[in-house]
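As stored in data.csv (CSV, C-alpha atoms and all ligand atoms):
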```
chain,number,residue,atom,x,y,z
A,1,MET,CA,12.9,-78.1,-57.9
A,2,GLY,CA,11.7,-79.0,-54.4
A,3,LYS,CA,11.3,-76.4,-51.7
A,4,THR,CA,14.3,-75.7,-49.5
A,5,GLY,CA,14.3,-74.7,-45.8
A,6,PRO,CA,13.0,-76.4,-42.7
A,7,PHE,CA,9.8,-77.6,-44.3
A,8,MET,CA,11.3,-79.3,-47.3
A,9,ARG,CA,11.4,-82.7,-45.7
A,10,PHE,CA,7.9,-82.7,-44.3
A,11,PRO,CA,4.7,-83.5,-46.1
A,12,ARG,CA,2.2,-80.6,-46.5
A,13,PHE,CA,-0.1,-81.7,-43.6
A,14,THR,CA,2.8,-81.8,-41.2
A,15,ARG,CA,3.8,-78.2,-42.1
A,16,ARG,CA,0.3,-77.2,-41.4
A,17,ARG,CA,0.3,-78.9,-38.1
A,18,PHE,CA,3.6,-77.2,-37.2
A,19,LEU,CA,2.2,-73.8,-38.1
A,20,ARG,CA,-0.9,-74.6,-36.1
A,21,ASN,CA,1.1,-75.6,-33.1
A,22,LEU,CA,3.3,-72.5,-33.4
A,23,ILE,CA,0.2,-70.3,-33.4
A,24,LEU,CA,-1.2,-72.3,-30.4
A,25,PHE,CA,2.2,-72.0,-28.6
A,26,GLY,CA,2.3,-68.2,-29.3
A,27,GLY,CA,-1.3,-67.9,-28.1
A,28,THR,CA,-0.5,-69.7,-24.9
A,29,LEU,CA,2.5,-67.5,-24.3
A,30,LEU,CA,0.4,-64.4,-24.9
A,31,GLY,CA,-2.3,-65.8,-22.7
A,32,ALA,CA,0.2,-66.5,-19.9
A,33,ALA,CA,1.6,-63.0,-20.1
A,34,ALA,CA,-1.9,-61.5,-20.0
A,35,LEU,CA,-2.8,-63.7,-17.0
A,36,LYS,CA,0.4,-62.6,-15.3
A,37,ASN,CA,-0.5,-59.0,-15.9
A,38,HIS,CA,-4.0,-59.6,-14.7
A,39,MET,CA,-2.6,-61.3,-11.5
A,40,ALA,CA,-0.2,-58.5,-11.0
A,41,SER,CA,-2.9,-55.9,-11.3
A,42,ARG,CA,-5.4,-57.9,-9.3
A,43,PRO,CA,-5.9,-56.2,-5.9
A,44,ARG,CA,-4.1,-57.9,-3.1
A,45,PHE,CA,-6.4,-56.4,-0.5
A,46,PRO,CA,-10.0,-55.3,-0.5
A,47,ILE,CA,-10.4,-51.9,-2.2
A,48,SER,CA,-11.8,-49.4,0.4
A,49,ASP,CA,-11.6,-45.8,1.6
A,50,HIS,CA,-8.1,-46.7,2.9
A,51,CYS,CA,-6.8,-49.1,0.3
A,52,ASP,CA,-6.4,-49.0,-3.5
A,53,GLY,CA,-5.9,-52.8,-3.6
A,54,ALA,CA,-2.1,-52.7,-3.1
A,55,GLN,CA,-1.3,-49.7,-1.0
A,56,PHE,CA,-2.9,-48.3,2.1
A,57,PHE,CA,-3.6,-44.6,2.9
A,58,ASN,CA,-5.4,-42.5,5.4
A,59,PRO,CA,-8.8,-41.4,4.2
A,60,GLY,CA,-9.1,-37.7,3.6
A,61,THR,CA,-5.6,-36.3,3.8
A,62,HIS,CA,-2.7,-38.7,3.6
A,63,VAL,CA,0.7,-37.2,4.2
A,64,ASN,CA,3.8,-39.0,2.9
A,65,ARG,CA,6.9,-37.6,4.4
A,66,THR,CA,9.9,-37.7,2.1
A,67,TRP,CA,13.6,-38.1,2.7
A,68,TRP,CA,13.9,-34.4,2.0
A,69,ASP,CA,11.5,-33.8,4.9
A,70,VAL,CA,13.7,-35.9,7.1
A,71,LEU,CA,16.8,-33.9,6.0
A,72,LYS,CA,14.9,-30.7,6.6
A,73,TRP,CA,13.9,-31.9,10.1
A,74,LYS,CA,17.5,-32.9,11.0
A,75,ARG,CA,18.9,-29.6,9.5
A,76,THR,CA,16.4,-27.2,11.2
A,77,SER,CA,16.1,-28.6,14.7
A,78,THR,CA,18.2,-30.2,17.4
A,79,ALA,CA,16.9,-33.0,19.5
A,80,SER,CA,16.8,-32.4,23.3
A,81,PRO,CA,19.4,-34.6,25.0
A,82,TRP,CA,18.1,-37.7,26.8
A,83,PRO,CA,19.8,-39.4,29.7
A,84,GLU,CA,21.8,-42.4,28.5
A,85,THR,CA,20.2,-44.6,31.2
A,86,VAL,CA,17.2,-44.2,33.5
A,87,ALA,CA,17.0,-46.3,36.7
A,88,ILE,CA,13.7,-48.1,37.2
A,89,ASP,CA,12.2,-49.8,40.2
A,90,PRO,CA,9.3,-51.8,38.9
A,91,PRO,CA,7.0,-53.4,41.6
A,92,ALA,CA,6.3,-57.1,41.4
A,93,LEU,CA,3.8,-57.9,38.7
A,94,PRO,CA,0.2,-58.1,40.1
A,95,LYS,CA,-1.5,-61.5,40.0
A,96,ALA,CA,-4.0,-61.9,37.1
A,97,PRO,CA,-7.5,-60.8,38.2
A,98,LEU,CA,-10.0,-63.5,38.8
A,99,ASP,CA,-13.0,-61.2,38.4
A,100,GLY,CA,-14.0,-59.3,35.2
A,101,THR,CA,-11.4,-56.6,35.7
A,102,VAL,CA,-8.3,-55.9,33.5
A,103,CYS,CA,-4.9,-55.3,35.1
A,104,ALA,CA,-2.7,-53.2,32.7
A,105,THR,CA,1.1,-53.0,33.3
A,106,TRP,CA,3.3,-50.6,31.3
A,107,ILE,CA,6.4,-52.6,30.3
A,108,ASN,CA,8.0,-50.0,28.1
A,109,HIS,CA,7.3,-47.8,25.0
A,110,ALA,CA,4.0,-49.2,23.5
A,111,SER,CA,4.2,-52.6,25.2
A,112,VAL,CA,1.5,-53.1,27.7
A,113,LEU,CA,0.6,-56.3,29.4
A,114,LEU,CA,-3.2,-56.8,30.0
A,115,GLN,CA,-3.9,-59.6,32.5
A,116,THR,CA,-7.5,-60.8,32.6
A,117,ARG,CA,-9.3,-63.9,33.8
A,118,HIS,CA,-9.6,-65.0,30.1
A,119,ALA,CA,-6.1,-64.5,28.9
A,120,ASN,CA,-2.9,-62.4,29.0
A,121,ILE,CA,-2.6,-60.0,26.2
A,122,LEU,CA,0.4,-58.0,25.1
A,123,THR,CA,0.5,-54.9,22.9
A,124,ASP,CA,3.4,-54.3,20.5
A,125,PRO,CA,6.0,-56.3,22.4
A,126,VAL,CA,9.5,-54.7,22.2
A,127,PHE,CA,12.2,-56.2,24.3
A,128,SER,CA,15.2,-55.5,22.1
A,129,ASP,CA,17.9,-53.0,22.9
A,130,ARG,CA,17.4,-51.0,19.7
A,131,VAL,CA,14.3,-50.2,17.6
A,132,SER,CA,16.2,-50.4,14.3
A,133,PRO,CA,17.0,-52.7,11.4
A,134,LEU,CA,20.6,-52.6,12.7
A,135,SER,CA,21.8,-54.2,15.9
A,136,TRP,CA,24.5,-51.6,16.4
A,137,ALA,CA,22.8,-48.3,15.4
A,138,GLY,CA,19.4,-46.6,15.8
A,139,PRO,CA,17.4,-45.6,18.8
A,140,LYS,CA,18.6,-47.4,21.9
A,141,ARG,CA,16.6,-48.0,25.0
A,142,VAL,CA,17.4,-46.0,28.1
A,143,HIS,CA,15.9,-48.4,30.6
A,144,PRO,CA,15.3,-52.1,30.6
A,145,PRO,CA,11.8,-53.5,30.1
A,146,ALA,CA,9.8,-53.6,33.4
A,147,ILE,CA,9.6,-57.4,33.0
A,148,ALA,CA,12.2,-59.5,31.2
A,149,VAL,CA,10.7,-61.4,28.3
A,150,GLU,CA,11.4,-64.7,30.0
A,151,ASP,CA,9.7,-63.6,33.2
A,152,LEU,CA,6.4,-62.8,31.5
A,153,PRO,CA,3.4,-64.9,32.4
A,154,ASP,CA,2.1,-67.0,29.5
A,155,ILE,CA,1.0,-64.7,26.7
A,156,HIS,CA,-2.0,-65.8,24.8
A,157,VAL,CA,-2.6,-62.9,22.4
A,158,ILE,CA,-0.4,-60.3,20.9
A,159,LEU,CA,-1.9,-57.2,19.4
A,160,LEU,CA,0.6,-55.9,16.7
A,161,SER,CA,-0.5,-52.5,15.5
A,162,HIS,CA,1.9,-51.9,12.6
A,163,ASP,CA,5.3,-52.7,11.1
A,164,HIS,CA,7.5,-49.9,12.5
A,165,PHE,CA,10.5,-51.1,14.4
A,166,ASP,CA,9.4,-49.6,17.7
A,167,HIS,CA,6.3,-51.8,17.5
A,168,CYS,CA,7.2,-54.8,15.4
A,169,ASP,CA,10.3,-56.1,17.0
A,170,GLN,CA,11.7,-59.1,15.1
A,171,ALA,CA,13.7,-60.6,18.0
A,172,SER,CA,10.7,-60.4,20.4
A,173,LEU,CA,8.3,-61.8,17.9
A,174,ARG,CA,10.7,-64.6,17.0
A,175,HIS,CA,10.9,-65.4,20.7
A,176,PHE,CA,7.1,-65.7,21.1
A,177,ALA,CA,6.9,-67.7,17.8
A,178,SER,CA,9.4,-70.2,19.2
A,179,LEU,CA,7.5,-71.0,22.4
A,180,PRO,CA,5.9,-74.4,22.8
A,181,HIS,CA,2.5,-72.6,22.8
A,182,PRO,CA,3.0,-69.5,20.7
A,183,PRO,CA,0.4,-66.7,21.2
A,184,ILE,CA,-2.1,-65.7,18.5
A,185,VAL,CA,-1.1,-62.5,16.9
A,186,VAL,CA,-3.8,-60.1,15.8
A,187,THR,CA,-2.6,-57.6,13.3
A,188,PRO,CA,-4.0,-55.4,10.4
A,189,LEU,CA,-3.9,-56.6,6.8
A,190,GLY,CA,-0.5,-57.3,5.1
A,191,ASN,CA,1.5,-58.0,8.3
A,192,GLY,CA,0.9,-61.7,8.2
A,193,ALA,CA,3.8,-62.3,5.8
A,194,LEU,CA,6.2,-60.6,8.2
A,195,LEU,CA,4.9,-62.8,11.0
A,196,ARG,CA,5.3,-66.0,9.0
A,197,GLU,CA,8.9,-64.8,8.2
A,198,PHE,CA,9.4,-64.5,12.0
A,199,GLY,CA,8.3,-68.1,12.6
A,200,PHE,CA,4.6,-67.8,13.3
A,201,ARG,CA,2.4,-70.5,11.7
A,202,ASP,CA,-0.7,-69.5,9.7
A,203,GLU,CA,-3.1,-70.6,12.3
A,204,ARG,CA,-1.5,-68.3,14.9
A,205,ILE,CA,-2.0,-65.2,12.7
A,206,ILE,CA,-5.2,-63.2,12.5
A,207,GLU,CA,-5.1,-60.4,9.9
A,208,LEU,CA,-7.9,-57.9,10.1
A,209,ASP,CA,-9.0,-54.9,8.0
A,210,TRP,CA,-10.2,-51.8,9.8
A,211,TRP,CA,-13.5,-52.6,11.6
A,212,GLU,CA,-13.2,-56.3,11.2
A,213,ALA,CA,-13.4,-58.4,14.4
A,214,HIS,CA,-12.2,-61.7,15.7
A,215,GLU,CA,-13.9,-63.6,18.5
A,216,PHE,CA,-11.7,-65.8,20.7
A,217,ALA,CA,-14.5,-66.9,23.0
A,218,HIS,CA,-17.8,-65.6,24.2
A,219,GLY,CA,-17.2,-62.1,25.7
A,220,PHE,CA,-13.6,-62.1,24.4
A,221,HIS,CA,-13.2,-60.4,21.1
A,222,VAL,CA,-11.1,-57.8,19.3
A,223,ARG,CA,-11.8,-55.3,16.5
A,224,ALA,CA,-9.2,-53.5,14.4
A,225,THR,CA,-9.8,-49.8,14.5
A,226,PRO,CA,-8.6,-47.1,12.1
A,227,ALA,CA,-5.6,-45.0,12.9
A,228,ARG,CA,-3.9,-42.1,11.2
A,229,HIS,CA,-0.4,-43.3,10.5
A,230,TRP,CA,1.6,-45.1,7.8
A,231,SER,CA,3.9,-48.1,7.4
A,232,ASN,CA,7.3,-49.1,6.2
A,233,ARG,CA,10.3,-51.1,7.5
A,234,VAL,CA,13.5,-50.4,5.7
A,235,MET,CA,13.7,-49.0,2.1
A,236,GLY,CA,11.2,-49.8,-0.6
A,237,SER,CA,7.5,-49.3,-1.0
A,238,ARG,CA,5.6,-47.7,1.8
A,239,ASN,CA,2.2,-48.4,3.1
A,240,ARG,CA,2.0,-52.0,1.8
A,241,ARG,CA,1.0,-53.2,5.3
A,242,LEU,CA,-2.0,-51.6,7.1
A,243,TRP,CA,-1.7,-49.9,10.5
A,244,SER,CA,-4.5,-49.9,13.1
A,245,GLY,CA,-5.6,-49.7,16.7
A,246,PHE,CA,-7.6,-52.3,18.5
A,247,PHE,CA,-10.8,-52.3,20.5
A,248,LEU,CA,-10.8,-55.3,22.9
A,249,GLN,CA,-13.7,-56.8,24.9
A,250,VAL,CA,-12.3,-59.1,27.5
A,251,GLY,CA,-13.5,-60.2,30.9
A,252,GLY,CA,-16.2,-57.7,31.7
A,253,ARG,CA,-14.2,-54.7,30.4
A,254,THR,CA,-13.3,-52.9,27.2
A,255,VAL,CA,-9.8,-51.7,26.3
A,256,TYR,CA,-9.0,-49.4,23.3
A,257,TYR,CA,-5.3,-49.3,22.1
A,258,THR,CA,-5.0,-46.5,19.6
A,259,GLY,CA,-1.8,-47.8,18.0
A,260,ASP,CA,0.4,-45.0,16.6
A,261,THR,CA,-1.9,-42.2,15.4
A,262,ALA,CA,-2.3,-38.6,14.7
A,263,TRP,CA,-5.3,-36.6,15.9
A,264,ASP,CA,-8.3,-36.7,13.6
A,265,ASP,CA,-11.5,-34.7,13.7
A,266,PHE,CA,-13.8,-37.5,12.6
A,267,MET,CA,-12.2,-40.8,13.3
A,268,PHE,CA,-12.2,-41.0,17.1
A,269,ALA,CA,-15.9,-39.9,17.3
A,270,ASP,CA,-16.6,-42.6,14.8
A,271,ILE,CA,-14.7,-45.2,16.8
A,272,ARG,CA,-16.8,-44.3,19.9
A,273,LYS,CA,-20.0,-44.5,17.8
A,274,ARG,CA,-19.2,-48.0,16.5
A,275,CYS,CA,-17.3,-49.6,19.4
A,276,GLY,CA,-18.6,-47.8,22.5
A,277,GLU,CA,-16.7,-46.0,25.3
A,278,PRO,CA,-13.7,-48.0,26.6
A,279,ASP,CA,-13.1,-48.7,30.3
A,280,LEU,CA,-9.4,-48.3,29.5
A,281,ALA,CA,-7.5,-46.5,26.7
A,282,LEU,CA,-3.8,-46.8,25.8
A,283,ILE,CA,-2.9,-43.6,24.0
A,284,PRO,CA,0.5,-42.5,22.8
A,285,ILE,CA,1.8,-39.3,24.4
A,286,GLY,CA,5.4,-39.3,23.1
A,287,ALA,CA,7.4,-38.8,19.8
A,288,TYR,CA,5.6,-35.6,18.7
A,289,GLU,CA,8.3,-32.9,18.0
A,290,PRO,CA,8.7,-31.1,15.7
A,291,ARG,CA,5.0,-30.7,15.0
A,292,TRP,CA,5.4,-29.7,11.3
A,293,PHE,CA,6.9,-33.1,10.7
A,294,MET,CA,5.1,-35.3,13.3
A,295,ALA,CA,1.6,-33.9,13.6
A,296,SER,CA,0.4,-36.0,10.6
A,297,GLN,CA,1.6,-39.3,12.3
A,298,HIS,CA,1.8,-38.9,16.1
A,299,CYS,CA,-0.5,-37.0,18.4
A,300,ASN,CA,0.9,-34.8,21.2
A,301,PRO,CA,-0.2,-35.0,24.8
A,302,ALA,CA,-2.9,-32.3,24.3
A,303,GLU,CA,-4.3,-34.3,21.4
A,304,ALA,CA,-4.0,-37.5,23.5
A,305,VAL,CA,-6.3,-35.8,26.0
A,306,ARG,CA,-8.7,-34.9,23.2
A,307,ILE,CA,-8.6,-38.6,22.1
A,308,HIS,CA,-9.3,-39.7,25.7
A,309,GLN,CA,-12.3,-37.3,25.9
A,310,THR,CA,-13.6,-38.0,22.4
A,311,VAL,CA,-13.7,-41.8,22.7
A,312,GLY,CA,-15.2,-41.4,26.2
A,313,ALA,CA,-12.5,-43.5,28.0
A,314,VAL,CA,-13.1,-43.9,31.7
A,315,THR,CA,-9.3,-44.2,32.3
A,316,SER,CA,-6.3,-43.8,30.0
A,317,ILE,CA,-2.7,-44.7,30.2
A,318,GLY,CA,-0.1,-42.6,28.2
A,319,VAL,CA,2.2,-44.9,26.3
A,320,HIS,CA,4.9,-44.5,23.5
A,321,TRP,CA,7.3,-42.4,25.5
A,322,GLY,CA,10.3,-42.6,27.8
A,323,THR,CA,12.0,-45.7,26.5
A,324,PHE,CA,13.5,-44.8,23.1
A,325,GLN,CA,14.3,-41.3,21.8
A,326,LEU,CA,12.6,-41.1,18.4
A,327,THR,CA,12.0,-37.4,18.1
A,328,ASP,CA,13.1,-34.0,19.5
A,329,GLU,CA,11.3,-33.6,22.8
A,330,GLU,CA,12.9,-34.2,26.2
A,331,ARG,CA,12.3,-37.6,27.8
A,332,GLU,CA,10.2,-36.1,30.6
A,333,ALA,CA,8.3,-33.7,28.3
A,334,PRO,CA,5.3,-36.0,27.5
A,335,PRO,CA,4.2,-36.6,31.1
A,336,GLN,CA,4.8,-32.9,31.9
A,337,ALA,CA,2.7,-31.8,28.9
A,338,LEU,CA,0.1,-34.3,29.8
A,339,GLU,CA,-0.4,-32.7,33.2
A,340,ILE,CA,-0.8,-29.3,31.6
A,341,ALA,CA,-3.2,-30.7,29.0
A,342,LYS,CA,-5.4,-32.4,31.7
A,343,GLU,CA,-5.6,-29.2,33.7
A,344,GLN,CA,-6.6,-27.2,30.6
A,345,ALA,CA,-9.2,-29.8,29.7
A,346,SER,CA,-10.4,-29.9,33.3
A,347,ILE,CA,-10.3,-33.7,33.5
A,348,PRO,CA,-9.6,-35.6,36.8
A,349,PRO,CA,-5.8,-36.2,37.1
A,350,ALA,CA,-6.3,-39.9,37.8
A,351,SER,CA,-8.3,-40.4,34.6
A,352,PHE,CA,-5.3,-40.2,32.4
A,353,GLN,CA,-1.9,-41.3,33.8
A,354,ALA,CA,1.6,-41.6,32.6
A,355,LEU,CA,2.7,-44.6,34.7
A,356,ALA,CA,6.2,-45.2,36.0
A,357,VAL,CA,7.9,-48.1,34.1
A,358,GLY,CA,6.3,-51.3,35.5
A,359,GLY,CA,3.3,-49.4,36.9
A,360,SER,CA,-0.1,-51.0,36.8
A,361,ILE,CA,-3.7,-49.9,36.8
A,362,THR,CA,-6.7,-52.2,37.3
A,363,VAL,CA,-10.0,-51.2,35.7
B,1,ZN,ZN,4.7,-46.0,13.8
B,2,ZN,ZN,5.7,-45.7,17.2
```
Could you write out this file's structure as structure tokens?
Amino acid sequence: MGKTGPFMRFPRFTRRRFLRNLILFGGTLLGAAALKNHMASRPRFPISDHCDGAQFFNPGTHVNRTWWDVLKWKRTSTASPWPETVAIDPPALPKAPLDGTVCATWINHASVLLQTRHANILTDPVFSDRVSPLSWAGPKRVHPPAIAVEDLPDIHVILLSHDHFDHCDQASLRHFASLPHPPIVVTPLGNGALLREFGFRDERIIELDWWEAHEFAHGFHVRATPARHWSNRVMGSRNRRLWSGFFLQVGGRTVYYTGDTAWDDFMFADIRKRCGEPDLALIPIGAYEPRWFMASQHCNPAEAVRIHQTVGAVTSIGVHWGTFQLTDEEREAPPQALEIAKEQASIPPASFQALAVGGSITV
């Protein structure tokens, strides 16, 4: 009797070939699976003292606050009431300097316009009404931006420090991406995909790891500096995009924007050692209460003064306050606490200022 089953109609050599092909096919599948695993485990970002290849962290102590912590915060303290609206009276925008100076204008929150003879640079542009994934809920601005987005001078460079909604504002970034000559956005690792989603083309995005620099022209370059913070937009994995500050050389001046950061005993001295002492520093003074929750992510005004002194800034502007209520302190508490901190540190009052909305300083 002949054999039955699928092979009965094939000569012996064909059966062998079928088995060989089956083994080859199986092998290919196994190989593809192994390659996929390898690709999945391959680091997306350079492994460093602040990255394991996929996720970022603060060197030393990294604090991840949980939803339980948020619940505890909301259960155990009450936010001081803020006014619903604050009237502003911004002066006309100064003309861009023609010499080597930098004119810095506080637009709102952490958005500062830096006008120089080389270029106009904007930090963390936020022009939306709310800093939230929702258009109808979440922290709402209490005053308009000092300059409407359409009244800005041409913006050549945006410094985007991290992905939080009060810094990375989708509507504002989409606006800039849609301009006939979109600015170049400099941002730490991992934020490029977001910017592409918001309409920026690859060639307008510069992603930097901490300490990496990008040169725009001779005497005009920017370096990403470390910050003690974290990242996340809505739900999902945290810290998949890096956070940073920026140290900028432009015109004949240097400007250091800390980004959002907690105080750190080592980091600011290290930034001074590697980058030098800035002519101007933009340092957050708001969103710091309650301390048990916030100290690991946001400095308070006293720590902001320590940052100013430690980096050796000639002049500093307090940012990240007064526009959106993010935390428990009163709206006016940051500039008031800043005055006390300056006095205690015995620094000249003009060396660290909380400007009125639309106020400018030329250094
Ligand atoms: Zn933040
Ligand atoms: Zn922030």
Using all atoms listed in the file, which residues of the polymer chains come no farther than 9 Å from ligand ZN 1 (chain B)? I'd like the answer as an MDAnalysis selection string. chainID A and resid 161:167 229:232 243 259:261 297:298
Anything within 12 Å of (-19.5, -47.6, 21.9): list those residues as a VMD selection string, counting all atoms listed in the file and sticking to the file's coordinates. chain A and resid 247 to 249 254 to 256 268 to 279 310 to 313
Store the residues picked out above in a file with C-alpha atoms, as an mmCIF file, keeping the file's coordinate frame.
```
data_model
loop_
_atom_site.group_PDB
_atom_site.id
_atom_site.type_symbol
_atom_site.label_atom_id
_atom_site.label_comp_id
_atom_site.auth_asym_id
_atom_site.auth_seq_id
_atom_site.Cartn_x
_atom_site.Cartn_y
_atom_site.Cartn_z
ATOM 1 C CA PHE A 247 -10.800 -52.300 20.500
ATOM 2 C CA LEU A 248 -10.800 -55.300 22.900
ATOM 3 C CA GLN A 249 -13.700 -56.800 24.900
ATOM 4 C CA THR A 254 -13.300 -52.900 27.200
ATOM 5 C CA VAL A 255 -9.800 -51.700 26.300
ATOM 6 C CA TYR A 256 -9.000 -49.400 23.300
ATOM 7 C CA PHE A 268 -12.200 -41.000 17.100
ATOM 8 C CA ALA A 269 -15.900 -39.900 17.300
ATOM 9 C CA ASP A 270 -16.600 -42.600 14.800
ATOM 10 C CA ILE A 271 -14.700 -45.200 16.800
ATOM 11 C CA ARG A 272 -16.800 -44.300 19.900
ATOM 12 C CA LYS A 273 -20.000 -44.500 17.800
ATOM 13 C CA ARG A 274 -19.200 -48.000 16.500
ATOM 14 C CA CYS A 275 -17.300 -49.600 19.400
ATOM 15 C CA GLY A 276 -18.600 -47.800 22.500
ATOM 16 C CA GLU A 277 -16.700 -46.000 25.300
ATOM 17 C CA PRO A 278 -13.700 -48.000 26.600
ATOM 18 C CA ASP A 279 -13.100 -48.700 30.300
ATOM 19 C CA THR A 310 -13.600 -38.000 22.400
ATOM 20 C CA VAL A 311 -13.700 -41.800 22.700
ATOM 21 C CA GLY A 312 -15.200 -41.400 26.200
ATOM 22 C CA ALA A 313 -12.500 -43.500 28.000
#
```
Which residue of A:Ile147, A:Ile205, A:Leu160, A:Leu113 approaches Phe246 in chain A most closely, using only C-alpha atoms: A:Leu160
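With only C-alpha atoms and all ligand atoms as the atoms that count, the residue of A:Val234, A:Ala302, A:Val131, A:Ala281 with the shortest distance to ligand ZN 2 (chain B) is A:Val131.
Closest to ligand ZN 2 (chain B) among A:Ile361, A:Val102, A:Ile283, A:Val86 is A:Ile283, based on only C-alpha atoms and all ligand atoms.
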Neighbouring residues of Gly199 in chain A were defined as those with any atom within 12 Å, considering all atoms listed in the file; residues of the same chain fewer than 4 positions away were excluded. Please report them as a ChimeraX atom specification. /A:170-179,182-183,185,192-195,203-205
Identify which of the residues A:Gly322, A:Ile184, A:Pro97, A:Asp169 lies closest to Glu215 in chain A, counting only C-alpha atoms when measuring atom-to-atom distances.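 Residue with the minimum atom-to-atom distance to Glu215 in chain A: A:Ile184.
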Among listed residues A:Ser128, A:Thr327, A:Ser48, A:Thr362, nearest Trp210 in chain A (using all atoms listed in the file):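 Smallest distance to Trp210 in chain A is found for A:Ser48.
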